[in-house]
$ cat protein.cif   # mmCIF, C-alpha atoms and all ligand atoms; chains and numbers go by the auth columns
data_my_file
#
loop_
_atom_site.group_PDB
_atom_site.id
_atom_site.type_symbol
_atom_site.label_atom_id
_atom_site.label_comp_id
_atom_site.label_asym_id
_atom_site.label_seq_id
_atom_site.Cartn_x
_atom_site.Cartn_y
_atom_site.Cartn_z
_atom_site.B_iso_or_equiv
_atom_site.auth_seq_id
_atom_site.auth_asym_id
ATOM 1 C CA MET A 1 -43.808 -93.444 19.484 0.00 17 A
ATOM 2 C CA SER A 2 -44.412 -93.587 23.213 0.00 18 A
ATOM 3 C CA GLY A 3 -45.744 -90.736 25.276 0.00 19 A
ATOM 4 C CA ILE A 4 -47.555 -88.892 22.472 0.00 20 A
ATOM 5 C CA ASP A 5 -51.338 -89.367 22.525 0.00 21 A
ATOM 6 C CA GLN A 6 -51.883 -89.924 18.803 0.00 22 A
ATOM 7 C CA PRO A 7 -55.654 -90.675 18.934 0.00 23 A
ATOM 8 C CA ARG A 8 -56.138 -87.348 20.711 0.00 24 A
ATOM 9 C CA ILE A 9 -54.132 -85.480 18.055 0.00 25 A
ATOM 10 C CA GLU A 10 -56.131 -87.261 15.384 0.00 26 A
ATOM 11 C CA ALA A 11 -59.437 -86.117 16.899 0.00 27 A
ATOM 12 C CA ALA A 12 -58.145 -82.557 17.264 0.00 28 A
ATOM 13 C CA VAL A 13 -56.946 -82.371 13.649 0.00 29 A
ATOM 14 C CA ARG A 14 -60.334 -83.580 12.453 0.00 30 A
ATOM 15 C CA GLU A 15 -61.886 -80.729 14.459 0.00 31 A
ATOM 16 C CA ILE A 16 -59.496 -78.198 12.914 0.00 32 A
ATOM 17 C CA LEU A 17 -60.359 -79.391 9.414 0.00 33 A
ATOM 18 C CA LEU A 18 -64.057 -78.990 10.214 0.00 34 A
ATOM 19 C CA ALA A 19 -63.421 -75.568 11.747 0.00 35 A
ATOM 20 C CA VAL A 20 -61.696 -74.229 8.621 0.00 36 A
ATOM 21 C CA GLY A 21 -64.638 -75.413 6.539 0.00 37 A
ATOM 22 C CA GLU A 22 -63.111 -78.570 5.095 0.00 38 A
ATOM 23 C CA ASP A 23 -64.700 -81.980 4.738 0.00 39 A
ATOM 24 C CA PRO A 24 -62.424 -84.345 6.667 0.00 40 A
ATOM 25 C CA ASP A 25 -64.123 -87.314 5.001 0.00 41 A
ATOM 26 C CA ARG A 26 -63.259 -86.335 1.439 0.00 42 A
ATOM 27 C CA ASP A 27 -60.776 -88.552 -0.364 0.00 43 A
ATOM 28 C CA GLY A 28 -57.634 -86.464 0.052 0.00 44 A
ATOM 29 C CA LEU A 29 -58.235 -85.722 3.740 0.00 45 A
ATOM 30 C CA ARG A 30 -59.508 -89.048 5.039 0.00 46 A
ATOM 31 C CA ASP A 31 -56.094 -90.176 6.285 0.00 47 A
ATOM 32 C CA THR A 32 -54.830 -86.721 7.183 0.00 48 A
ATOM 33 C CA PRO A 33 -55.649 -86.716 10.919 0.00 49 A
ATOM 34 C CA ALA A 34 -53.778 -90.008 11.393 0.00 50 A
ATOM 35 C CA ARG A 35 -50.872 -88.759 9.247 0.00 51 A
ATOM 36 C CA VAL A 36 -50.616 -85.533 11.227 0.00 52 A
ATOM 37 C CA ALA A 37 -50.694 -87.531 14.466 0.00 53 A
ATOM 38 C CA ARG A 38 -47.770 -89.683 13.294 0.00 54 A
ATOM 39 C CA SER A 39 -45.961 -86.593 12.087 0.00 55 A
ATOM 40 C CA TYR A 40 -46.473 -84.799 15.434 0.00 56 A
ATOM 41 C CA ALA A 41 -45.144 -87.872 17.236 0.00 57 A
ATOM 42 C CA GLU A 42 -41.876 -87.305 15.347 0.00 58 A
ATOM 43 C CA ILE A 43 -41.838 -83.521 15.525 0.00 59 A
ATOM 44 C CA PHE A 44 -42.488 -83.504 19.278 0.00 60 A
ATOM 45 C CA ALA A 45 -40.528 -86.648 20.167 0.00 61 A
ATOM 46 C CA GLY A 46 -38.210 -84.539 22.332 0.00 62 A
ATOM 47 C CA MET A 47 -41.071 -84.090 24.841 0.00 63 A
ATOM 48 C CA HIS A 48 -40.274 -87.565 26.088 0.00 64 A
ATOM 49 C CA GLN A 49 -36.494 -87.526 25.868 0.00 65 A
ATOM 50 C CA GLU A 50 -33.808 -86.196 28.157 0.00 66 A
ATOM 51 C CA ALA A 51 -30.382 -84.947 27.099 0.00 67 A
ATOM 52 C CA GLU A 52 -28.834 -87.759 29.135 0.00 68 A
ATOM 53 C CA ASP A 53 -30.613 -90.317 26.907 0.00 69 A
ATOM 54 C CA VAL A 54 -28.513 -89.327 23.887 0.00 70 A
ATOM 55 C CA MET A 55 -25.278 -88.200 25.561 0.00 71 A
ATOM 56 C CA GLY A 56 -24.313 -91.529 27.131 0.00 72 A
ATOM 57 C CA VAL A 57 -20.867 -91.786 25.571 0.00 73 A
ATOM 58 C CA SER A 58 -17.908 -89.630 26.512 0.00 74 A
ATOM 59 C CA PHE A 59 -14.177 -90.232 26.057 0.00 75 A
ATOM 60 C CA ASP A 60 -11.100 -89.032 27.841 0.00 76 A
ATOM 61 C CA LEU A 61 -8.811 -87.868 25.012 0.00 77 A
ATOM 62 C CA GLY A 62 -6.764 -85.443 27.060 0.00 78 A
ATOM 63 C CA HIS A 63 -7.871 -82.773 24.581 0.00 79 A
ATOM 64 C CA ASP A 64 -8.397 -79.411 26.220 0.00 80 A
ATOM 65 C CA GLU A 65 -8.897 -77.112 23.243 0.00 81 A
ATOM 66 C CA MET A 66 -12.138 -75.956 21.674 0.00 82 A
ATOM 67 C CA VAL A 67 -14.280 -78.427 19.742 0.00 83 A
ATOM 68 C CA LEU A 68 -16.819 -76.790 17.433 0.00 84 A
ATOM 69 C CA VAL A 69 -19.451 -78.412 15.236 0.00 85 A
ATOM 70 C CA ARG A 70 -20.859 -75.902 12.820 0.00 86 A
ATOM 71 C CA ASP A 71 -23.887 -75.853 10.519 0.00 87 A
ATOM 72 C CA ILE A 72 -26.007 -78.524 12.205 0.00 88 A
ATOM 73 C CA PRO A 73 -29.381 -78.295 10.432 0.00 89 A
ATOM 74 C CA VAL A 74 -32.199 -77.659 12.881 0.00 90 A
ATOM 75 C CA TYR A 75 -35.973 -77.859 12.537 0.00 91 A
ATOM 76 C CA SER A 76 -38.147 -76.871 15.449 0.00 92 A
ATOM 77 C CA THR A 77 -41.695 -75.689 16.068 0.00 93 A
ATOM 78 C CA CYS A 78 -42.630 -72.212 17.243 0.00 94 A
ATOM 79 C CA GLU A 79 -44.680 -72.581 20.416 0.00 95 A
ATOM 80 C CA HIS A 80 -46.722 -69.477 19.579 0.00 96 A
ATOM 81 C CA HIS A 81 -48.051 -70.562 16.189 0.00 97 A
ATOM 82 C CA LEU A 82 -47.095 -74.248 15.872 0.00 98 A
ATOM 83 C CA VAL A 83 -45.349 -73.605 12.580 0.00 99 A
ATOM 84 C CA PRO A 84 -41.704 -74.450 11.913 0.00 100 A
ATOM 85 C CA PHE A 85 -38.634 -72.424 12.510 0.00 101 A
ATOM 86 C CA HIS A 86 -35.476 -73.779 10.963 0.00 102 A
ATOM 87 C CA GLY A 87 -31.867 -73.007 10.274 0.00 103 A
ATOM 88 C CA MET A 88 -28.454 -73.916 11.622 0.00 104 A
ATOM 89 C CA ALA A 89 -27.020 -74.631 15.047 0.00 105 A
ATOM 90 C CA HIS A 90 -23.359 -74.212 15.942 0.00 106 A
ATOM 91 C CA ILE A 91 -22.130 -75.860 19.126 0.00 107 A
ATOM 92 C CA GLY A 92 -18.710 -75.413 20.692 0.00 108 A
ATOM 93 C CA TYR A 93 -17.143 -76.457 23.968 0.00 109 A
ATOM 94 C CA ILE A 94 -13.803 -76.585 25.726 0.00 110 A
ATOM 95 C CA PRO A 95 -13.349 -79.983 27.404 0.00 111 A
ATOM 96 C CA GLY A 96 -12.978 -79.940 31.177 0.00 112 A
ATOM 97 C CA GLY A 97 -10.162 -80.879 33.547 0.00 113 A
ATOM 98 C CA GLU A 98 -9.856 -84.499 32.399 0.00 114 A
ATOM 99 C CA GLY A 99 -10.490 -83.482 28.804 0.00 115 A
ATOM 100 C CA ARG A 100 -13.779 -85.346 28.592 0.00 116 A
ATOM 101 C CA VAL A 101 -15.220 -85.110 25.061 0.00 117 A
ATOM 102 C CA THR A 102 -18.356 -86.557 23.534 0.00 118 A
ATOM 103 C CA GLY A 103 -18.986 -88.116 20.127 0.00 119 A
ATOM 104 C CA LEU A 104 -19.521 -85.386 17.551 0.00 120 A
ATOM 105 C CA SER A 105 -22.867 -86.830 16.477 0.00 121 A
ATOM 106 C CA LYS A 106 -24.080 -86.551 20.069 0.00 122 A
ATOM 107 C CA LEU A 107 -24.025 -82.760 19.776 0.00 123 A
ATOM 108 C CA ALA A 108 -26.459 -82.973 16.869 0.00 124 A
ATOM 109 C CA ARG A 109 -28.595 -85.489 18.774 0.00 125 A
ATOM 110 C CA LEU A 110 -28.679 -83.120 21.733 0.00 126 A
ATOM 111 C CA VAL A 111 -30.009 -80.347 19.493 0.00 127 A
ATOM 112 C CA GLU A 112 -32.779 -82.713 18.333 0.00 128 A
ATOM 113 C CA VAL A 113 -33.899 -83.493 21.892 0.00 129 A
ATOM 114 C CA TYR A 114 -34.692 -79.835 22.517 0.00 130 A
ATOM 115 C CA ALA A 115 -35.726 -78.857 18.967 0.00 131 A
ATOM 116 C CA ARG A 116 -38.443 -81.522 18.857 0.00 132 A
ATOM 117 C CA ARG A 117 -40.664 -79.707 21.305 0.00 133 A
ATOM 118 C CA PRO A 118 -42.877 -76.626 21.120 0.00 134 A
ATOM 119 C CA GLN A 119 -40.111 -74.045 21.415 0.00 135 A
ATOM 120 C CA VAL A 120 -38.845 -70.511 21.286 0.00 136 A
ATOM 121 C CA GLN A 121 -35.390 -70.045 19.830 0.00 137 A
ATOM 122 C CA GLU A 122 -33.940 -68.429 22.962 0.00 138 A
ATOM 123 C CA ARG A 123 -34.913 -71.370 25.174 0.00 139 A
ATOM 124 C CA LEU A 124 -33.619 -73.900 22.639 0.00 140 A
ATOM 125 C CA THR A 125 -30.287 -72.070 22.623 0.00 141 A
ATOM 126 C CA THR A 126 -29.889 -72.022 26.409 0.00 142 A
ATOM 127 C CA GLN A 127 -31.221 -75.545 26.988 0.00 143 A
ATOM 128 C CA VAL A 128 -28.564 -77.027 24.713 0.00 144 A
ATOM 129 C CA ALA A 129 -25.830 -74.965 26.397 0.00 145 A
ATOM 130 C CA ASP A 130 -26.978 -75.884 29.908 0.00 146 A
ATOM 131 C CA ALA A 131 -27.299 -79.595 29.094 0.00 147 A
ATOM 132 C CA LEU A 132 -23.729 -79.677 27.760 0.00 148 A
ATOM 133 C CA MET A 133 -22.438 -77.902 30.863 0.00 149 A
ATOM 134 C CA ARG A 134 -24.294 -80.341 33.111 0.00 150 A
ATOM 135 C CA ILE A 135 -23.327 -83.545 31.319 0.00 151 A
ATOM 136 C CA LEU A 136 -19.757 -82.931 30.097 0.00 152 A
ATOM 137 C CA GLU A 137 -18.690 -80.479 32.812 0.00 153 A
ATOM 138 C CA PRO A 138 -16.503 -78.665 30.274 0.00 154 A
ATOM 139 C CA LEU A 139 -14.599 -75.431 30.834 0.00 155 A
ATOM 140 C CA GLY A 140 -16.986 -73.606 28.545 0.00 156 A
ATOM 141 C CA VAL A 141 -19.832 -73.911 26.066 0.00 157 A
ATOM 142 C CA ILE A 142 -21.098 -71.729 23.239 0.00 158 A
ATOM 143 C CA THR A 143 -24.297 -72.332 21.278 0.00 159 A
ATOM 144 C CA VAL A 144 -25.406 -70.192 18.345 0.00 160 A
ATOM 145 C CA PHE A 145 -28.646 -70.678 16.431 0.00 161 A
ATOM 146 C CA GLU A 146 -29.501 -68.906 13.158 0.00 162 A
ATOM 147 C CA CYS A 147 -33.122 -69.543 12.183 0.00 163 A
ATOM 148 C CA GLU A 148 -35.908 -68.366 9.941 0.00 164 A
ATOM 149 C CA HIS A 149 -39.316 -68.420 11.608 0.00 165 A
ATOM 150 C CA LEU A 150 -42.111 -69.352 9.223 0.00 166 A
ATOM 151 C CA CYS A 151 -44.554 -67.514 11.479 0.00 167 A
ATOM 152 C CA MET A 152 -42.735 -64.370 10.336 0.00 168 A
ATOM 153 C CA SER A 153 -42.450 -65.488 6.705 0.00 169 A
ATOM 154 C CA MET A 154 -45.705 -67.068 5.602 0.00 170 A
ATOM 155 C CA ARG A 155 -48.089 -65.078 7.814 0.00 171 A
ATOM 156 C CA GLY A 156 -48.164 -62.173 10.246 0.00 172 A
ATOM 157 C CA VAL A 157 -45.488 -59.641 9.416 0.00 173 A
ATOM 158 C CA GLN A 158 -44.525 -61.626 6.261 0.00 174 A
ATOM 159 C CA LYS A 159 -40.791 -61.044 6.137 0.00 175 A
ATOM 160 C CA PRO A 160 -39.314 -64.146 4.459 0.00 176 A
ATOM 161 C CA GLY A 161 -35.551 -64.388 4.786 0.00 177 A
ATOM 162 C CA ALA A 162 -35.310 -62.521 8.081 0.00 178 A
ATOM 163 C CA THR A 163 -32.872 -64.464 10.267 0.00 179 A
ATOM 164 C CA THR A 164 -32.878 -64.561 14.054 0.00 180 A
ATOM 165 C CA ILE A 165 -29.514 -65.208 15.715 0.00 181 A
ATOM 166 C CA THR A 166 -29.359 -66.277 19.355 0.00 182 A
ATOM 167 C CA SER A 167 -26.345 -67.312 21.377 0.00 183 A
ATOM 168 C CA ALA A 168 -25.576 -68.625 24.830 0.00 184 A
ATOM 169 C CA VAL A 169 -22.116 -68.651 26.392 0.00 185 A
ATOM 170 C CA ARG A 170 -21.046 -70.442 29.543 0.00 186 A
ATOM 171 C CA GLY A 171 -17.736 -70.678 31.416 0.00 187 A
ATOM 172 C CA GLN A 172 -14.611 -69.645 29.483 0.00 188 A
ATOM 173 C CA PHE A 173 -16.621 -68.475 26.487 0.00 189 A
ATOM 174 C CA ARG A 174 -17.747 -65.547 28.607 0.00 190 A
ATOM 175 C CA GLU A 175 -14.208 -64.184 28.101 0.00 191 A
ATOM 176 C CA ALA A 176 -13.952 -61.921 25.088 0.00 192 A
ATOM 177 C CA THR A 177 -11.057 -63.735 23.362 0.00 193 A
ATOM 178 C CA SER A 178 -12.590 -67.253 23.528 0.00 194 A
ATOM 179 C CA ARG A 179 -15.940 -65.909 22.511 0.00 195 A
ATOM 180 C CA SER A 180 -14.621 -63.980 19.519 0.00 196 A
ATOM 181 C CA GLU A 181 -12.435 -66.923 18.395 0.00 197 A
ATOM 182 C CA ALA A 182 -15.535 -69.149 18.390 0.00 198 A
ATOM 183 C CA MET A 183 -17.708 -66.537 16.710 0.00 199 A
ATOM 184 C CA SER A 184 -15.190 -65.963 13.925 0.00 200 A
ATOM 185 C CA LEU A 185 -14.980 -69.732 13.299 0.00 201 A
ATOM 186 C CA ILE A 186 -18.773 -69.936 13.234 0.00 202 A
ATOM 187 C CA MET A 187 -19.472 -66.899 11.117 0.00 203 A
ATOM 188 C CA GLY A 188 -16.440 -66.764 8.856 0.00 204 A
ATOM 189 C CA GLY A 189 -13.954 -69.015 7.080 0.00 205 A
ATOM 190 C CA GLY A 190 -14.695 -72.648 6.373 0.00 206 A
ATOM 191 C CA HIS A 191 -15.549 -74.288 3.070 0.00 207 A
ATOM 192 C CA SER A 192 -19.251 -73.520 3.154 0.00 208 A
ATOM 193 C CA ARG A 193 -19.132 -69.738 3.570 0.00 209 A
HETATM 194 N N1 LIG B . -38.650 -64.116 21.186 0.00 301 A
HETATM 195 C C1 LIG B . -39.203 -64.969 20.330 0.00 301 A
HETATM 196 N N2 LIG B . -40.335 -64.624 19.718 0.00 301 A
HETATM 197 C C2 LIG B . -40.868 -65.506 18.849 0.00 301 A
HETATM 198 C C3 LIG B . -40.301 -66.748 18.558 0.00 301 A
HETATM 199 N N3 LIG B . -41.081 -67.373 17.655 0.00 301 A
HETATM 200 C C4 LIG B . -42.091 -66.539 17.386 0.00 301 A
HETATM 201 N N4 LIG B . -41.990 -65.404 18.113 0.00 301 A
HETATM 202 C C5 LIG B . -42.815 -64.210 18.190 0.00 301 A
HETATM 203 O O1 LIG B . -43.856 -64.391 19.107 0.00 301 A
HETATM 204 C C6 LIG B . -44.717 -63.279 18.962 0.00 301 A
HETATM 205 C C7 LIG B . -46.124 -63.641 19.322 0.00 301 A
HETATM 206 O O2 LIG B . -46.793 -62.412 19.316 0.00 301 A
HETATM 207 P P1 LIG B . -48.368 -62.220 19.430 0.00 301 A
HETATM 208 O O3 LIG B . -48.654 -60.764 19.254 0.00 301 A
HETATM 209 O O4 LIG B . -48.845 -62.910 20.669 0.00 301 A
HETATM 210 O O5 LIG B . -48.890 -63.093 18.208 0.00 301 A
HETATM 211 P P2 LIG B . -49.406 -62.610 16.772 0.00 301 A
HETATM 212 O O6 LIG B . -50.565 -61.703 16.919 0.00 301 A
HETATM 213 O O7 LIG B . -49.599 -63.852 15.949 0.00 301 A
HETATM 214 O O8 LIG B . -48.158 -61.778 16.255 0.00 301 A
HETATM 215 P P3 LIG B . -47.576 -61.583 14.787 0.00 301 A
HETATM 216 O O9 LIG B . -46.666 -62.761 14.507 0.00 301 A
HETATM 217 O O10 LIG B . -46.802 -60.299 14.847 0.00 301 A
HETATM 218 O O11 LIG B . -48.730 -61.551 13.838 0.00 301 A
HETATM 219 C C8 LIG B . -44.504 -62.790 17.531 0.00 301 A
HETATM 220 O O12 LIG B . -43.897 -61.526 17.594 0.00 301 A
HETATM 221 C C9 LIG B . -43.528 -63.810 16.948 0.00 301 A
HETATM 222 O O13 LIG B . -42.642 -63.250 15.982 0.00 301 A
HETATM 223 C C10 LIG B . -39.081 -67.079 19.230 0.00 301 A
HETATM 224 O O14 LIG B . -38.498 -68.159 19.064 0.00 301 A
HETATM 225 N N5 LIG B . -38.585 -66.164 20.104 0.00 301 A
HETATM 226 ZN ZN ZN B . -44.417 -68.214 15.721 0.00 302 A
#

$ encode --input "protein.cif" --output "structure tokens"
Amino acid sequence: MSGIDQPRIEAAVREILLAVGEDPDRDGLRDTPARVARSYAEIFAGMHQEAEDVMGVSFDLGHDEMVLVRDIPVYSTCEHHLVPFHGMAHIGYIPGGEGRVTGLSKLARLVEVYARRPQVQERLTTQVADALMRILEPLGVITVFECEHLCMSMRGVQKPGATTITSAVRGQFREATSRSEAMSLIMGGGHSR
């Protein structure tokens, strides 16, 4: 994958293994630095992508009501500890004047672009909202992320199951009625809740 310096990651992982007291040349670990480098190239692929790269397609359907995609699985990496945080993203928008909408899958691809970077949940939440506002020029956007941070579960304060909820609202979703309509669709109802 372009842009990620895999040999450098490989060398660094070998150093980490040595630093924790492991033997990086033992059977089970011999290929680990190269595996981690390939894995990081995937996990951090968003470093070398822009929202515009995945949001090329938009249609004019004349639809000017809310579109909401709920329960998009998200995996990202905490920039403080480089361990995962993961959960669900919910993305809604109200198409703009000409009713420009995007393919539903593009919303999930947009989440990936920003999730596959060293992140904090707040920034992920606002970056997705701001990219949608910029690219689709809709009347409003809402993004909600519900995530568990493994840095809080497997180490540190050790509170598995604690969920962090962040939201960003832009445009018409700043109004109480639009916002609460979206939030009730996200948090309630539906077949999966
Ligand atoms: N606001 C925010 N904080 C985060 C996120 N991910 C991790 N953190 C927090 O970042 C903080 C880093 O705090 P530090 O005191 O520098 O690090 P630490 O000593 O490892 O802290 P502990 O995790 O409490 O052991 C911790 O409180 C984490 O819970 C995130 O996405 N958003
Ligand atoms: Zn963390």

$ closest_residue --input "protein.cif" --among "A:Asp47, A:Glu95, A:Glu162, A:Glu197" --to "ligand LIG 301 (chain A)" --atoms "all atoms listed in the file"
A:Glu95

$ residues_around --input "protein.cif" --residues "A:Ala145" --least-positions-apart "2" --cutoff "9 Å" --atoms "all atoms listed in the file" --output "PyMOL selection string"
chain A and resi 107+140-143+147-150+157-159+184-186

$ closest_residue --input "protein.cif" --among "A:Leu166, A:Leu98, A:Met82, A:Val144" --to "A:Lys122" --atoms "all atoms listed in the file"
A:Val144

$ resolve_selection --input "protein.cif" --expression "the PyMOL selection byres (((chain A and resi 61-75) around 8) and not hetatm)" --output "list in words"
Met17, Ser18, Gly19, Ile20, Tyr56, Ala57, Glu58, Ile59, Phe60, Asp76, Leu77, Arg116, Val117, Thr118, Gly119, Lys122, Arg125, Leu126, Glu128, Val129, Tyr130, Ala131, Arg132, Arg133, Ala147, Ile151 and Leu152 of chain A

$ closest_residue --input "protein.cif" --among "A:Cys163, A:Ala53, A:Val36, A:Val85" --to "ligand LIG 301 (chain A)" --atoms "only C-alpha atoms and all ligand atoms"
A:Cys163

$ residues_around --input "protein.cif" --residues "A:Cys167" --least-positions-apart "4" --cutoff "7 Å" --atoms "only C-alpha atoms" --output "ChimeraX atom specification"
/A:97,99,171-172

$ build_atoms --input "protein.cif" --residues "stretch 97-112 of chain A" --atoms "N, CA and C atoms" --output "mmCIF file, in the frame of the given file"
data_model
loop_
_atom_site.group_PDB
_atom_site.id
_atom_site.type_symbol
_atom_site.label_atom_id
_atom_site.label_comp_id
_atom_site.auth_asym_id
_atom_site.auth_seq_id
_atom_site.Cartn_x
_atom_site.Cartn_y
_atom_site.Cartn_z
ATOM 1 N N HIS A 97 -47.184 -70.344 17.357
ATOM 2 C CA HIS A 97 -48.051 -70.562 16.189
ATOM 3 C C HIS A 97 -48.066 -72.005 15.710
ATOM 4 N N LEU A 98 -47.235 -72.853 16.312
ATOM 5 C CA LEU A 98 -47.095 -74.248 15.872
ATOM 6 C C LEU A 98 -46.763 -74.351 14.386
ATOM 7 N N VAL A 99 -45.917 -73.453 13.917
ATOM 8 C CA VAL A 99 -45.349 -73.605 12.580
ATOM 9 C C VAL A 99 -43.827 -73.695 12.753
ATOM 10 N N PRO A 100 -43.137 -74.194 11.724
ATOM 11 C CA PRO A 100 -41.704 -74.450 11.913
ATOM 12 C C PRO A 100 -40.859 -73.184 12.021
ATOM 13 N N PHE A 101 -39.769 -73.305 12.743
ATOM 14 C CA PHE A 101 -38.634 -72.424 12.510
ATOM 15 C C PHE A 101 -37.436 -73.329 12.264
ATOM 16 N N HIS A 102 -36.546 -72.877 11.378
ATOM 17 C CA HIS A 102 -35.476 -73.779 10.963
ATOM 18 C C HIS A 102 -34.247 -72.995 10.568
ATOM 19 N N GLY A 103 -33.118 -73.666 10.628
ATOM 20 C CA GLY A 103 -31.867 -73.007 10.274
ATOM 21 C C GLY A 103 -30.696 -73.864 10.669
ATOM 22 N N MET A 104 -29.697 -73.226 11.268
ATOM 23 C CA MET A 104 -28.454 -73.916 11.622
ATOM 24 C C MET A 104 -28.122 -73.693 13.091
ATOM 25 N N ALA A 105 -27.565 -74.753 13.693
ATOM 26 C CA ALA A 105 -27.020 -74.631 15.047
ATOM 27 C C ALA A 105 -25.510 -74.812 14.980
ATOM 28 N N HIS A 106 -24.810 -74.088 15.834
ATOM 29 C CA HIS A 106 -23.359 -74.212 15.942
ATOM 30 C C HIS A 106 -23.055 -74.418 17.428
ATOM 31 N N ILE A 107 -22.346 -75.500 17.729
ATOM 32 C CA ILE A 107 -22.130 -75.860 19.126
ATOM 33 C C ILE A 107 -20.638 -76.018 19.382
ATOM 34 N N GLY A 108 -20.123 -75.285 20.348
ATOM 35 C CA GLY A 108 -18.710 -75.413 20.692
ATOM 36 C C GLY A 108 -18.536 -75.618 22.182
ATOM 37 N N TYR A 109 -17.451 -76.327 22.548
ATOM 38 C CA TYR A 109 -17.143 -76.457 23.968
ATOM 39 C C TYR A 109 -15.652 -76.651 24.158
ATOM 40 N N ILE A 110 -15.203 -76.356 25.351
ATOM 41 C CA ILE A 110 -13.803 -76.585 25.726
ATOM 42 C C ILE A 110 -13.817 -77.675 26.787
ATOM 43 N N PRO A 111 -13.275 -78.859 26.467
ATOM 44 C CA PRO A 111 -13.349 -79.983 27.404
ATOM 45 C C PRO A 111 -12.782 -79.613 28.781
ATOM 46 N N GLY A 112 -13.325 -80.287 29.791
ATOM 47 C CA GLY A 112 -12.978 -79.940 31.177
ATOM 48 C C GLY A 112 -11.656 -80.514 31.635
#
